[in-house]
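Participant: Handing over start-v8.csv, CSV, C-alpha atoms.
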```csv
chain,number,residue,atom,x,y,z
A,1,MET,CA,70.5,30.6,-22.0
A,2,SER,CA,73.6,29.7,-20.1
A,3,ASP,CA,74.3,33.4,-19.5
A,4,TYR,CA,70.7,33.8,-18.1
A,5,PHE,CA,71.6,31.5,-15.2
A,6,ASN,CA,75.1,32.9,-14.6
A,7,ASN,CA,75.2,34.7,-11.3
A,8,THR,CA,78.9,35.6,-11.4
A,9,GLY,CA,79.6,38.9,-9.7
A,10,ARG,CA,76.0,39.4,-8.5
A,11,ASP,CA,75.7,40.7,-5.0
A,12,ASP,CA,72.6,38.7,-4.3
A,13,ILE,CA,74.0,35.3,-5.4
A,14,LEU,CA,73.9,33.9,-1.8
A,15,THR,CA,70.3,35.1,-1.2
A,16,GLY,CA,68.5,33.5,-4.1
A,17,GLY,CA,68.2,36.9,-5.7
A,18,ILE,CA,66.6,38.5,-2.7
A,19,ARG,CA,67.7,42.0,-1.7
A,20,MET,CA,66.3,44.3,1.0
A,21,ILE,CA,66.4,47.9,-0.2
A,22,THR,CA,66.4,50.8,2.3
A,23,ILE,CA,64.1,53.7,1.2
A,24,GLN,CA,63.6,57.2,2.5
A,25,THR,CA,60.1,58.5,3.3
A,26,PRO,CA,58.8,61.6,4.9
A,27,VAL,CA,58.5,59.7,8.2
A,28,GLY,CA,61.8,57.8,8.1
A,29,GLU,CA,63.7,54.8,6.6
A,30,PHE,CA,62.1,51.5,5.8
A,31,LYS,CA,63.1,48.2,4.2
A,32,ILE,CA,61.7,47.0,0.9
A,33,TRP,CA,61.8,43.4,-0.3
A,34,THR,CA,62.9,42.6,-3.9
A,35,LYS,CA,63.9,39.4,-5.6
A,36,ARG,CA,65.7,39.1,-8.9
A,37,VAL,CA,65.2,36.2,-11.3
A,38,GLY,CA,67.6,35.7,-14.3
A,39,ASN,CA,70.1,37.8,-16.1
A,40,ASN,CA,69.6,39.9,-19.2
A,41,PRO,CA,71.4,43.2,-19.7
A,42,ARG,CA,68.8,44.3,-22.2
A,43,ILE,CA,65.4,43.3,-20.6
A,44,LYS,CA,64.8,43.9,-16.9
A,45,VAL,CA,61.2,44.0,-15.8
A,46,LEU,CA,60.1,45.5,-12.4
A,47,LEU,CA,56.7,44.1,-11.4
A,48,LEU,CA,54.3,46.4,-9.6
A,49,HIS,CA,51.6,44.3,-7.8
A,50,GLY,CA,48.0,45.4,-7.2
A,51,GLY,CA,46.0,46.1,-4.1
A,52,PRO,CA,47.3,48.4,-2.8
A,53,GLY,CA,48.6,46.3,-0.1
A,54,SER,CA,48.7,43.0,-1.9
A,55,THR,CA,52.0,41.1,-2.6
A,56,HIS,CA,54.2,40.0,-5.4
A,57,GLU,CA,53.1,36.4,-4.8
A,58,TYR,CA,50.3,36.3,-7.3
A,59,PHE,CA,52.9,37.1,-10.0
A,60,GLU,CA,54.8,33.8,-9.3
A,61,GLY,CA,53.2,32.3,-12.4
A,62,PHE,CA,55.7,34.3,-14.4
A,63,ASP,CA,58.3,31.8,-13.3
A,64,SER,CA,56.7,29.4,-15.9
A,65,PHE,CA,57.1,31.8,-18.8
A,66,PHE,CA,59.7,34.6,-18.3
A,67,PRO,CA,62.8,32.4,-17.9
A,68,LYS,CA,62.1,30.7,-21.2
A,69,ALA,CA,62.1,34.1,-22.9
A,70,GLU,CA,65.3,35.0,-21.0
A,71,ILE,CA,63.6,37.9,-19.3
A,72,GLU,CA,65.3,39.2,-16.2
A,73,TYR,CA,62.5,40.2,-13.7
A,74,TYR,CA,62.1,41.6,-10.2
A,75,TYR,CA,59.5,40.7,-7.7
A,76,TYR,CA,58.9,43.6,-5.4
A,77,ASP,CA,56.7,44.1,-2.3
A,78,GLN,CA,55.7,47.7,-2.0
A,79,LEU,CA,56.0,49.4,1.4
A,80,GLY,CA,53.2,48.1,3.6
A,81,SER,CA,53.1,44.8,1.9
A,82,TYR,CA,53.8,41.4,3.5
A,83,TYR,CA,57.5,40.9,2.8
A,84,SER,CA,58.5,44.6,3.2
A,85,ASP,CA,58.2,46.8,6.3
A,86,GLN,CA,54.6,47.6,7.3
A,87,PRO,CA,54.5,50.9,9.2
A,88,GLN,CA,51.3,52.0,10.8
A,89,ASP,CA,51.0,55.4,9.3
A,90,ASP,CA,48.2,56.3,6.9
A,91,THR,CA,50.1,59.3,5.6
A,92,LEU,CA,52.4,56.9,3.7
A,93,TRP,CA,49.6,55.5,1.6
A,94,GLU,CA,49.6,58.2,-1.1
A,95,THR,CA,50.3,57.7,-4.8
A,96,ASN,CA,53.0,60.3,-5.1
A,97,ARG,CA,55.0,58.7,-2.2
A,98,PHE,CA,54.7,55.3,-3.9
A,99,VAL,CA,56.1,56.9,-7.1
A,100,GLU,CA,59.2,58.1,-5.2
A,101,GLU,CA,59.5,54.6,-3.7
A,102,VAL,CA,59.6,53.0,-7.1
A,103,GLU,CA,62.3,55.5,-8.2
A,104,GLN,CA,64.4,54.6,-5.2
A,105,VAL,CA,64.0,50.9,-5.9
A,106,ARG,CA,65.0,51.5,-9.5
A,107,LYS,CA,68.2,53.3,-8.5
A,108,ALA,CA,69.1,50.6,-6.1
A,109,LEU,CA,68.6,47.9,-8.7
A,110,LYS,CA,70.6,49.9,-11.3
A,111,LEU,CA,67.8,49.8,-13.9
A,112,ASP,CA,68.0,52.4,-16.6
A,113,LYS,CA,66.8,53.6,-20.1
A,114,SER,CA,68.7,50.8,-21.8
A,115,ASN,CA,66.9,47.9,-20.1
A,116,PHE,CA,64.1,49.1,-17.7
A,117,TYR,CA,60.6,47.9,-18.3
A,118,LEU,CA,57.9,48.7,-15.8
A,119,PHE,CA,54.9,46.3,-15.4
A,120,GLY,CA,51.9,47.6,-13.5
A,121,GLN,CA,48.9,45.4,-12.8
A,122,SER,CA,45.7,46.6,-11.2
A,123,TRP,CA,46.8,49.3,-8.7
A,124,GLY,CA,50.2,48.8,-10.2
A,125,GLY,CA,48.8,50.4,-13.4
A,126,PRO,CA,48.2,53.8,-11.9
A,127,LEU,CA,51.5,53.6,-10.1
A,128,ALA,CA,53.3,52.7,-13.3
A,129,VAL,CA,51.6,55.5,-15.2
A,130,GLU,CA,52.3,58.1,-12.5
A,131,TYR,CA,55.9,56.9,-12.5
A,132,ALA,CA,56.1,57.2,-16.3
A,133,LEU,CA,54.6,60.7,-16.3
A,134,LYS,CA,57.4,61.9,-14.0
A,135,TYR,CA,60.3,59.6,-14.7
A,136,GLN,CA,59.9,58.2,-18.2
A,137,ALA,CA,63.4,59.3,-19.1
A,138,ASN,CA,64.4,56.2,-17.1
A,139,LEU,CA,62.2,53.8,-19.0
A,140,LYS,CA,62.7,51.5,-22.0
A,141,GLY,CA,59.1,50.4,-22.0
A,142,LEU,CA,55.8,50.3,-20.0
A,143,ILE,CA,53.2,47.7,-19.5
A,144,ILE,CA,49.7,48.6,-18.1
A,145,SER,CA,47.8,45.4,-17.2
A,146,ASN,CA,44.1,45.2,-16.1
A,147,MET,CA,43.6,48.8,-15.0
A,148,MET,CA,41.5,51.6,-16.4
A,149,MET,CA,43.0,55.1,-16.4
A,150,SER,CA,40.0,56.6,-14.6
A,151,CYS,CA,38.9,55.4,-11.2
A,152,PRO,CA,35.5,57.2,-11.6
A,153,GLU,CA,35.0,55.2,-14.8
A,154,TYR,CA,36.1,52.0,-13.1
A,155,GLY,CA,33.6,52.5,-10.4
A,156,LYS,CA,30.9,53.3,-12.9
A,157,TYR,CA,31.6,50.2,-14.9
A,158,ALA,CA,31.5,48.1,-11.8
A,159,LYS,CA,28.1,49.5,-10.6
A,160,GLU,CA,26.4,50.0,-13.9
A,161,GLU,CA,27.7,47.2,-16.1
A,162,LEU,CA,29.0,44.3,-13.9
A,163,GLY,CA,26.8,44.6,-10.9
A,164,PRO,CA,23.5,44.1,-12.7
A,165,LYS,CA,24.9,40.9,-14.2
A,166,MET,CA,24.8,39.3,-10.7
A,167,PRO,CA,21.6,37.6,-9.5
A,168,PRO,CA,19.2,40.4,-8.5
A,169,GLU,CA,18.8,39.1,-4.9
A,170,VAL,CA,22.6,38.9,-4.5
A,171,LEU,CA,23.1,42.5,-5.8
A,172,SER,CA,20.3,43.8,-3.6
A,173,GLU,CA,21.9,42.3,-0.5
A,174,ILE,CA,25.4,43.6,-1.5
A,175,LEU,CA,24.0,47.1,-2.0
A,176,GLU,CA,22.1,47.0,1.3
A,177,LEU,CA,25.4,46.1,3.1
A,178,GLU,CA,27.2,48.9,1.3
A,179,ALA,CA,24.5,51.4,2.2
A,180,LYS,CA,25.0,50.5,5.8
A,181,GLU,CA,28.8,50.5,5.3
A,182,ASP,CA,28.7,47.1,6.9
A,183,PHE,CA,31.9,46.0,5.2
A,184,ASP,CA,33.3,44.0,8.1
A,185,ASN,CA,30.2,41.7,7.9
A,186,PRO,CA,31.5,38.3,6.6
A,187,ARG,CA,28.4,38.1,4.5
A,188,TYR,CA,29.8,40.9,2.2
A,189,MET,CA,32.7,38.9,0.9
A,190,GLU,CA,30.6,35.7,1.0
A,191,LEU,CA,28.5,37.3,-1.6
A,192,LEU,CA,31.2,39.0,-3.7
A,193,ILE,CA,33.7,36.1,-4.0
A,194,PRO,CA,31.4,33.6,-5.9
A,195,ASN,CA,29.3,36.3,-7.7
A,196,TYR,CA,31.9,38.9,-8.6
A,197,TYR,CA,35.5,37.8,-8.0
A,198,VAL,CA,35.0,34.4,-9.6
A,199,GLU,CA,33.3,36.0,-12.5
A,200,HIS,CA,35.6,38.9,-13.1
A,201,PHE,CA,38.8,38.5,-11.0
A,202,ILE,CA,39.9,34.9,-11.6
A,203,ARG,CA,37.5,32.9,-13.7
A,204,MET,CA,37.7,29.6,-12.0
A,205,PRO,CA,36.1,28.1,-8.9
A,206,TYR,CA,37.5,29.7,-5.7
A,207,ASP,CA,39.0,26.5,-4.4
A,208,GLU,CA,40.9,26.0,-7.7
A,209,TRP,CA,42.6,29.4,-7.6
A,210,PRO,CA,46.4,29.0,-7.9
A,211,GLU,CA,48.1,28.7,-4.5
A,212,PRO,CA,50.1,31.9,-4.9
A,213,VAL,CA,46.9,33.8,-5.4
A,214,HIS,CA,45.4,32.4,-2.2
A,215,ARG,CA,48.7,33.3,-0.4
A,216,ALA,CA,48.6,36.8,-1.7
A,217,PHE,CA,45.0,37.2,-0.4
A,218,LYS,CA,46.0,35.8,2.9
A,219,HIS,CA,48.9,38.3,3.2
A,220,MET,CA,46.9,41.3,2.1
A,221,ASN,CA,47.5,44.4,4.2
A,222,ASN,CA,43.9,45.5,4.6
A,223,GLU,CA,44.7,48.8,6.2
A,224,VAL,CA,46.6,49.9,3.0
A,225,TYR,CA,44.0,48.3,0.8
A,226,THR,CA,41.0,49.9,2.5
A,227,SER,CA,42.7,53.3,2.7
A,228,MET,CA,43.4,53.6,-1.0
A,229,GLN,CA,41.0,51.2,-2.7
A,230,GLY,CA,38.1,50.7,-0.3
A,231,PRO,CA,36.4,47.6,1.1
A,232,SER,CA,36.4,45.5,-2.1
A,233,GLU,CA,37.0,45.3,-5.9
A,234,PHE,CA,33.3,46.1,-6.5
A,235,GLY,CA,34.0,49.7,-7.3
A,236,ILE,CA,36.3,52.1,-5.4
A,237,ARG,CA,35.8,54.2,-2.3
A,238,GLY,CA,39.3,55.0,-1.0
A,239,LYS,CA,41.9,57.7,-1.7
A,240,LEU,CA,42.1,56.6,-5.4
A,241,GLU,CA,38.4,57.2,-5.9
A,242,THR,CA,39.0,60.4,-8.0
A,243,TRP,CA,42.2,59.3,-9.7
A,244,ASP,CA,42.1,60.0,-13.5
A,245,ARG,CA,44.9,60.3,-16.1
A,246,THR,CA,42.8,60.0,-19.2
A,247,GLN,CA,43.8,63.5,-20.3
A,248,ASP,CA,47.5,62.9,-19.9
A,249,LEU,CA,48.1,59.6,-21.7
A,250,ASP,CA,49.5,61.3,-24.8
A,251,LYS,CA,52.4,62.6,-22.7
A,252,ILE,CA,53.7,59.0,-22.4
A,253,ASN,CA,56.1,58.5,-25.3
A,254,VAL,CA,57.9,55.2,-24.4
A,255,PRO,CA,56.7,52.0,-26.1
A,256,THR,CA,53.7,50.8,-24.1
A,257,LEU,CA,51.7,47.6,-24.0
A,258,VAL,CA,48.1,47.8,-22.6
A,259,ILE,CA,46.5,44.5,-21.5
A,260,GLY,CA,42.8,44.0,-20.9
A,261,ALA,CA,40.4,41.1,-20.9
A,262,THR,CA,36.8,40.5,-21.9
A,263,TYR,CA,35.5,39.5,-18.5
A,264,ASP,CA,37.7,41.7,-16.4
A,265,THR,CA,36.6,44.2,-13.7
A,266,MET,CA,38.1,46.8,-16.1
A,267,ASP,CA,36.1,47.8,-19.1
A,268,PRO,CA,37.9,46.2,-22.1
A,269,LYS,CA,36.7,48.9,-24.5
A,270,HIS,CA,38.3,51.5,-22.2
A,271,MET,CA,41.5,49.5,-22.3
A,272,GLU,CA,41.5,49.5,-26.1
A,273,TRP,CA,40.9,53.3,-25.9
A,274,VAL,CA,43.9,53.7,-23.6
A,275,ALA,CA,46.1,51.9,-26.0
A,276,SER,CA,45.0,54.3,-28.8
A,277,GLN,CA,45.9,57.4,-26.7
A,278,ILE,CA,49.5,56.6,-26.0
A,279,LYS,CA,51.9,57.6,-28.7
```
Go ahead and render the structure in this file as structure tokens.
Facilitator:
Amino acid sequence: MSDYFNNTGRDDILTGGIRMITIQTPVGEFKIWTKRVGNNPRIKVLLLHGGPGSTHEYFEGFDSFFPKAEIEYYYYDQLGSYYSDQPQDDTLWETNRFVEEVEQVRKALKLDKSNFYLFGQSWGGPLAVEYALKYQANLKGLIISNMMMSCPEYGKYAKEELGPKMPPEVLSEILELEAKEDFDNPRYMELLIPNYYVEHFIRMPYDEWPEPVHRAFKHMNNEVYTSMQGPSEFGIRGKLETWDRTQDLDKINVPTLVIGATYDTMDPKHMEWVASQIK
């Protein structure tokens, strides 16, 4: 354990593990925020947050668990997210460009096949899978958390399975607002938070959500989120609407952990199936 807290020779020792990484994109250079916690030459986990457009902040609960297991891990705000640069260019919000961003971050952090675990949660799941399909030679392991491998199936599960579990009058009003595409109406989220998010996103009263989660919501880049996901977690309408890698899972050959949950917005049976498809 003493080695875990030994920062000797680390170039981020005076920054609390924080390092700004310059990445190249089709429209120029930008700065990406990362933060290292711990030291372990064998286990280094890069955390891919959801959204898209959310932040690393809701992962801060890992601080209560990973250090005890001597896991070295990296918080990372993707381009467009709160602690990184936030360019106003919709052409940047494409899955393939994010994959190349992850690869540039990996190189800068000097992660490799001997130690590099990629953890993708929610939107981070498709990003991690796309990365693995292109760059799995760099991976030691992969973790897919709370994300189906088919956005059409995700949308179907939300509308056909979870939606009808809401009170009929609530669902009716939500569908009416969606039909009008009145997503900026405050009433839309007023209905979804207690009836959908509290039931399937974080199963505790909204005012009891952990402070880092509230902070991540406050810092959400809604332009990125809406462009790729859509207006809410109740289904999907953005650029990711047709994303589907169900036929390619058998191409992933690194050790992979798939995490799902009974009450999640993601079908737990689908998550079990995903685990069965990866070698």
Participant: Residues near Glu272 (chain A), anyone? I mean within 12 Å using all atoms listed in the file, not counting same-chain ones fewer than 5 positions away, as a ChimeraX atom specification.
Facilitator: /A:144-149,257-262,266-267,277-278
Participant: A:Val274, A:Met189, A:Val213, A:Ile21: which is nearest Val102 (chain A), counting only C-alpha atoms?
Facilitator: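 Once distances to Val102 (chain A) are computed over only C-alpha atoms, the minimum belongs to A:Ile21.
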Participant: Show which residues sit within 9 Å of Asp244 (chain A), as a list in words. Count all atoms listed in the file, and ignore same-chain residues fewer than 2 positions away.
Facilitator: Pro126, Met148, Met149, Ser150, Cys151, Pro152, Glu153, Leu240, Glu241, Thr242, Thr246, Gln247 and Asp248 of chain A
Participant: Counting only C-alpha atoms, figure out which residue out of A:Ala128, A:Tyr206, A:Pro255, A:Trp243 gets nearest to Met228 (chain A).
Facilitator: A:Trp243
Participant: Between A:Lys68, A:Ile252, A:Gly80, A:Phe119, single out the one closest to Ala137 (chain A), counting all atoms listed in the file.
Facilitator: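 When distances to Ala137 (chain A) are compared using all atoms listed in the file, the smallest one comes from A:Ile252.
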Participant: CA of Ser227 (chain A) and CA of Trp93 (chain A) are how many Å apart?
Facilitator: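 Between these atoms lies a distance of 7.3 Å.
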Participant: For Pro268 (chain A), which residue out of A:Tyr154, A:Trp33, A:Trp123, A:Phe66 is the nearest one, using all atoms listed in the file?
Facilitator: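 Among A:Tyr154, A:Trp33, A:Trp123, A:Phe66, it is A:Tyr154 that comes nearest to Pro268 (chain A).
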